Amino acid sequence: MTISRSQSQELFRLADVRTNDQLARALGVPSQIFQGVITCEDPEQIYALHTIPKRNPRNPEDYRIAWECRHEPVARSHKAVARRLDDFARRRELGYPHVAVHGYVRGGSTRSNAQPHCGARVIVRADIENFFPTITLERIATMLRTIGMQAAPAQALARFVTIEGALPLGLPESPVISNLVCLGLDKDLQLLVNELGVRYTRYADDITFSGDANLPSRDQLRTIVGRHGFRLSERKFKKSKRGQAHFVTGLSVSERDYPHVPRKMKHRLRMELHFCERFGIDFHAEKIGEDSRKTYLRLEGMVKYVAFIERRKSADIVNQWQRILNGHRGPSAHARIEAKKHSDRFVVADETEFTVDGAQYLAICFVRITNLERIEEALKILLGDYLTKPGAKGNLDVLQAIGIHYTDAHFDLRTSTLDLMTDFLDWSASIHFARLSNPKNYKATYLKLFADAIRQEYITSDEWDLHVLVERNDKVKIPSLAKAVESEYQRAVKEDSRRPKSQPSIRSLEKTSSASVTLPDFVLATFRNYAKLVPDDRVLDFERIRDRVRYVHDLDADSYYTRKRPFVGIGSF
């Protein structure tokens with residue numbers, strides 16, 4: 001099944017916005033957050049500043065500055081901007097992202113960036129100096145106008161995505177913007193290598209060329225890079241020939257087959273794994289003067305990195321690490337979030353059935369909430385305002401009886417509810433779906449989806465007091481769901497994996513008595529229309545709340561769809 005979205009189905013038409021309010025709505029950012037960010041004079045009120053030492057610092061002040069959002073609503077807003085700006089750019093027929101770019105693009109990695117250069121006779125590596133700080137607010141505003149935005153909204157968006165007048169390292173949309181700003185540079189470098197008959201890739205500020213001869217000179221690169229507002233790092237310009245060490249984005253490309261992890265890194269990893277397997281993680285951590293939690297996380301990351309880069313040769317390392325985990329687990333088999341006070345978290349669950357191309361599907365949605373009373377009150381006020389509004393449309397008696405639900409609500413109420421959900425309410429969701437091949441398998445399929453959802457929820461609710469609220473379903477009773485809650489919790493305890501403080505409580509909800517059921521109901525209804533590609537504007541409602549859906553899990557294919565790999569439609573890729 002091939003899925004495509006036409007230009008007429010584009011909800012976030014950034015080229016059409018003219019005011020800041022329109023821009024904030026198109027970007028999926030609450031107006032008060034958008035205005036607060038662009039008018040804030042002290043960025044450290046909104047963001048935390050981190051200094052990260054460079055790999056080979058020449059002096060103590062040689063470090064990178066990275067920024068992190070202090071508040072979840074602001075972080076979520078930046079993620080929304082990243083996804084919608086990326087979607088807008090892809091629709092403009094700009095050639096974005098450029099084929100030579102492997103950094104910050106879907107499917108791109110240091111491995112894919114190094115792969116084209118494997119076995120090359122000559123490699124030239126160059127680096128753009130002060131890459132992110134060089135991308136200024138004015139350069140971003142100019143780029144946004146170039147790709148189709150109006151001048152005033154482009155300037156406002158440029159202020160939203162910059163800190164102290166430059167593109168910051170650490171915010172979600174910075175990679176998208178950097179690749180857009182560099183699009184002209186990538187095209188000019190591609191023209192150059194096409195003339196020379198060599199290969200070119202770029203990973204952020206790392207530029208690599210390879211071939212048998214005729215590689216670009218330092219002067220050529222300096223001229224082209226300078227033409228696009230950047231400066232070539234003279235210190236990091238490197239040229240290597242066959243027989244010398246060939247490294248691209250930290251990986252060895254001397255062999256022709258695929259990139260390899262440097263031998264020094266693998267040797268160190270094998271040595272540490274040997275000590276851990278013999279004496280245990282805790283003992284090894286003590287000997288090297290490191291916290292055991294940090295040792296666990298560091299080694300876990302190294303093992304996963306080697307497994308990703310050398311997929312065919314890493315089985316022995318992966319198996320050894322698994323033996324270590326099975327036999328020598330430390331006091332915690334995972335990293336627990338510290339210095340954060342967790343209290344009550346509520347999960348409100350609902351389910352739906354739908355048909356795509358003649359196949360029946362069942363889906364479950366988990367909506368996680370921390371302030372249940374506030375959300376209940378906000379939804380009740382919204383409904384009360386609508387019911388008392390002169391000329392209110394729809395079946396008002398049904399709405400009065402069961403609350404706001406997508407299929408019973410008029411278009412006006414749906415729009416108001418989606419506005420409330422996206423602009424003011426604090427929530428997030430996950431969707432799990434599977435094919436329902438036979439109606440007799442309904443309960444078994446529901447329980448499979450529910451177990452998958454609760455297992456994932458335990459991970460994200462680590463150290464919380466979790467309460468599960470499920471809309472009443474006559475086909476699947478609460479005792480069956482309670483058994484799944486207990487079974488998954490006992491499994492998490494046994495494996496010492498992330499989990500709530502204690503086994504969660506679970507109870508059923510009635511539509512007539514709980515307004516919070518509106519949230520999973522709207523998520524599932526909009527998802528259902530999106531998956532079915534209904535031939536009207538309802539297909540766009542899911543786009544409005546997509547940024548709150550952390551992932552969609554297709555259990556049949558065991559595929560997870562996230563912001564970086566968005567769900568397009570069942571059977572799509």
# chains A, B, ... in the order shown; residues from 1 in each chain; ligands from 1
call {"tool": "residues_around", "arguments": {"residues": "Ile324 (chain A)", "least_positions_apart": "2", "cutoff": "9 Å", "atoms": "only C-alpha atoms", "output": "NGL selection string"}}
result
:A and (273 or 276-278 or 280-281 or 319-322 or 326-329)
call {"tool": "select_by_dssp", "arguments": {"residues": "region 124-351 of chain A", "states": "strand (DSSP E)", "output": "ChimeraX atom specification"}}
result
/A:124-127,199-203,206-211,238-241,247-248,251-252,344-351
call {"tool": "write_last_selection", "arguments": {"atoms": "C-alpha atoms", "output": "PDB file, in the first residue's frame"}}
result
ATOM      1  CA  VAL A 124      40.047  14.531   2.237  1.00  0.00           C
ATOM      2  CA  ARG A 125      38.336  15.609   5.435  1.00  0.00           C
ATOM      3  CA  ALA A 126      37.448  19.195   6.279  1.00  0.00           C
ATOM      4  CA  ASP A 127      35.558  20.895   9.078  1.00  0.00           C
ATOM      5  CA  ARG A 199      32.393  11.348  -3.727  1.00  0.00           C
ATOM      6  CA  TYR A 200      31.098  13.835  -1.147  1.00  0.00           C
ATOM      7  CA  THR A 201      29.210  13.517   2.145  1.00  0.00           C
ATOM      8  CA  ARG A 202      28.495  15.882   5.013  1.00  0.00           C
ATOM      9  CA  TYR A 203      27.652  15.094   8.614  1.00  0.00           C
ATOM     10  CA  ASP A 206      32.253  17.360   8.977  1.00  0.00           C
ATOM     11  CA  ILE A 207      32.832  17.363   5.200  1.00  0.00           C
ATOM     12  CA  THR A 208      34.393  14.338   3.480  1.00  0.00           C
ATOM     13  CA  PHE A 209      35.585  13.688  -0.090  1.00  0.00           C
ATOM     14  CA  SER A 210      37.041  10.468  -1.482  1.00  0.00           C
ATOM     15  CA  GLY A 211      38.216   9.014  -4.764  1.00  0.00           C
ATOM     16  CA  LYS A 238      43.218  16.357   6.641  1.00  0.00           C
ATOM     17  CA  LYS A 239      44.306  14.290   3.648  1.00  0.00           C
ATOM     18  CA  SER A 240      45.104  10.591   3.841  1.00  0.00           C
ATOM     19  CA  LYS A 241      46.140   7.991   1.277  1.00  0.00           C
ATOM     20  CA  PHE A 247      38.770   7.636   9.385  1.00  0.00           C
ATOM     21  CA  VAL A 248      35.431   9.278   8.575  1.00  0.00           C
ATOM     22  CA  LEU A 251      34.993   5.150  11.849  1.00  0.00           C
ATOM     23  CA  SER A 252      37.692   3.296   9.946  1.00  0.00           C
ATOM     24  CA  ASP A 344       0.833  10.583  40.837  1.00  0.00           C
ATOM     25  CA  ARG A 345       0.536   9.848  37.140  1.00  0.00           C
ATOM     26  CA  PHE A 346      -2.686   8.714  35.511  1.00  0.00           C
ATOM     27  CA  VAL A 347      -3.082   6.691  32.343  1.00  0.00           C
ATOM     28  CA  VAL A 348      -6.473   6.904  30.641  1.00  0.00           C
ATOM     29  CA  ALA A 349      -7.037   4.093  28.129  1.00  0.00           C
ATOM     30  CA  ASP A 350      -9.554   3.623  25.334  1.00  0.00           C
ATOM     31  CA  GLU A 351      -9.854   1.382  22.295  1.00  0.00           C
TER      32      GLU A 351
END
call {"tool": "closest_residue", "arguments": {"among": "A:Ile177, A:Leu137, A:Val485, A:Ile364", "to": "Pro500 (chain A)", "atoms": "only C-alpha atoms"}}
result
A:Val485
call {"tool": "atom_distance", "arguments": {"atom1": "CA of Ala154 (chain A)", "atom2": "CA of Arg83 (chain A)"}}
result
16.5 Å
call {"tool": "residues_around", "arguments": {"residues": "region 383-390 of chain A", "least_positions_apart": "5", "cutoff": "9 Å", "atoms": "only C-alpha atoms", "output": "PyMOL selection string"}}
result
chain A and resi 378+396+399-400+403-404+413+417
call {"tool": "atom_distance", "arguments": {"atom1": "CA of Leu183 (chain A)", "atom2": "CA of Gly103 (chain A)"}}
result
12.9 Å
call {"tool": "residues_around", "arguments": {"residues": "Ala444 (chain A)", "least_positions_apart": "4", "cutoff": "12 Å", "atoms": "only C-alpha atoms", "output": "PyMOL selection string"}}
result
chain A and resi 362+434-440+448-451+475-476+480-481+484
call {"tool": "write_last_selection", "arguments": {"atoms": "N, CA, C and O atoms", "output": "PDB file, in the first residue's frame"}}
result
ATOM      1  N   LEU A 362      -7.632  -3.460  15.501  1.00  0.00           N
ATOM      2  CA  LEU A 362      -7.976  -3.021  16.838  1.00  0.00           C
ATOM      3  C   LEU A 362      -6.827  -2.165  17.357  1.00  0.00           C
ATOM      4  O   LEU A 362      -5.665  -2.531  17.209  1.00  0.00           O
ATOM      5  N   ALA A 434      -3.084  -3.637  16.122  1.00  0.00           N
ATOM      6  CA  ALA A 434      -2.799  -4.941  15.509  1.00  0.00           C
ATOM      7  C   ALA A 434      -4.014  -5.364  14.694  1.00  0.00           C
ATOM      8  O   ALA A 434      -5.135  -4.898  14.928  1.00  0.00           O
ATOM      9  N   ARG A 435      -3.780  -6.248  13.786  1.00  0.00           N
ATOM     10  CA  ARG A 435      -4.874  -6.736  12.937  1.00  0.00           C
ATOM     11  C   ARG A 435      -5.779  -7.666  13.739  1.00  0.00           C
ATOM     12  O   ARG A 435      -5.305  -8.499  14.518  1.00  0.00           O
ATOM     13  N   LEU A 436      -7.081  -7.515  13.537  1.00  0.00           N
ATOM     14  CA  LEU A 436      -8.077  -8.362  14.200  1.00  0.00           C
ATOM     15  C   LEU A 436      -8.628  -9.308  13.146  1.00  0.00           C
ATOM     16  O   LEU A 436      -9.618  -9.023  12.465  1.00  0.00           O
ATOM     17  N   SER A 437      -7.960 -10.447  12.982  1.00  0.00           N
ATOM     18  CA  SER A 437      -8.283 -11.355  11.881  1.00  0.00           C
ATOM     19  C   SER A 437      -9.629 -12.046  12.051  1.00  0.00           C
ATOM     20  O   SER A 437     -10.284 -12.416  11.081  1.00  0.00           O
ATOM     21  N   ASN A 438     -10.053 -12.203  13.313  1.00  0.00           N
ATOM     22  CA  ASN A 438     -11.308 -12.895  13.595  1.00  0.00           C
ATOM     23  C   ASN A 438     -11.959 -12.252  14.810  1.00  0.00           C
ATOM     24  O   ASN A 438     -11.294 -12.050  15.826  1.00  0.00           O
ATOM     25  N   PRO A 439     -13.249 -11.918  14.732  1.00  0.00           N
ATOM     26  CA  PRO A 439     -13.920 -11.306  15.889  1.00  0.00           C
ATOM     27  C   PRO A 439     -13.789 -12.136  17.162  1.00  0.00           C
ATOM     28  O   PRO A 439     -13.827 -11.586  18.270  1.00  0.00           O
ATOM     29  N   LYS A 440     -13.646 -13.449  17.014  1.00  0.00           N
ATOM     30  CA  LYS A 440     -13.507 -14.315  18.190  1.00  0.00           C
ATOM     31  C   LYS A 440     -12.180 -14.050  18.928  1.00  0.00           C
ATOM     32  O   LYS A 440     -12.042 -14.422  20.092  1.00  0.00           O
ATOM     33  N   LYS A 448      -3.304  -8.509  24.345  1.00  0.00           N
ATOM     34  CA  LYS A 448      -1.941  -8.415  23.801  1.00  0.00           C
ATOM     35  C   LYS A 448      -1.543  -6.947  23.640  1.00  0.00           C
ATOM     36  O   LYS A 448      -0.432  -6.547  24.007  1.00  0.00           O
ATOM     37  N   LEU A 449      -2.456  -6.129  23.114  1.00  0.00           N
ATOM     38  CA  LEU A 449      -2.186  -4.707  22.949  1.00  0.00           C
ATOM     39  C   LEU A 449      -2.041  -4.018  24.308  1.00  0.00           C
ATOM     40  O   LEU A 449      -1.147  -3.181  24.501  1.00  0.00           O
ATOM     41  N   PHE A 450      -2.908  -4.398  25.235  1.00  0.00           N
ATOM     42  CA  PHE A 450      -2.877  -3.785  26.558  1.00  0.00           C
ATOM     43  C   PHE A 450      -1.564  -4.115  27.272  1.00  0.00           C
ATOM     44  O   PHE A 450      -0.941  -3.242  27.890  1.00  0.00           O
ATOM     45  N   ALA A 451      -1.132  -5.364  27.184  1.00  0.00           N
ATOM     46  CA  ALA A 451       0.129  -5.766  27.827  1.00  0.00           C
ATOM     47  C   ALA A 451       1.309  -5.014  27.215  1.00  0.00           C
ATOM     48  O   ALA A 451       2.225  -4.578  27.922  1.00  0.00           O
ATOM     49  N   LYS A 475     -16.460  -6.469  26.596  1.00  0.00           N
ATOM     50  CA  LYS A 475     -15.811  -7.672  26.069  1.00  0.00           C
ATOM     51  C   LYS A 475     -14.572  -8.069  26.877  1.00  0.00           C
ATOM     52  O   LYS A 475     -14.149  -9.224  26.827  1.00  0.00           O
ATOM     53  N   VAL A 476     -13.986  -7.093  27.565  1.00  0.00           N
ATOM     54  CA  VAL A 476     -12.780  -7.365  28.354  1.00  0.00           C
ATOM     55  C   VAL A 476     -12.972  -6.721  29.731  1.00  0.00           C
ATOM     56  O   VAL A 476     -12.998  -5.495  29.844  1.00  0.00           O
ATOM     57  N   SER A 480      -9.322  -9.203  34.081  1.00  0.00           N
ATOM     58  CA  SER A 480      -8.348  -9.659  33.080  1.00  0.00           C
ATOM     59  C   SER A 480      -7.248  -8.629  32.883  1.00  0.00           C
ATOM     60  O   SER A 480      -6.065  -8.971  32.750  1.00  0.00           O
ATOM     61  N   LEU A 481      -7.630  -7.347  32.892  1.00  0.00           N
ATOM     62  CA  LEU A 481      -6.636  -6.297  32.728  1.00  0.00           C
ATOM     63  C   LEU A 481      -5.757  -6.168  33.974  1.00  0.00           C
ATOM     64  O   LEU A 481      -4.552  -5.916  33.873  1.00  0.00           O
ATOM     65  N   ALA A 484      -3.025  -8.593  33.812  1.00  0.00           N
ATOM     66  CA  ALA A 484      -1.941  -8.157  32.921  1.00  0.00           C
ATOM     67  C   ALA A 484      -1.076  -7.101  33.606  1.00  0.00           C
ATOM     68  O   ALA A 484       0.154  -7.120  33.486  1.00  0.00           O
TER      69      ALA A 484
END
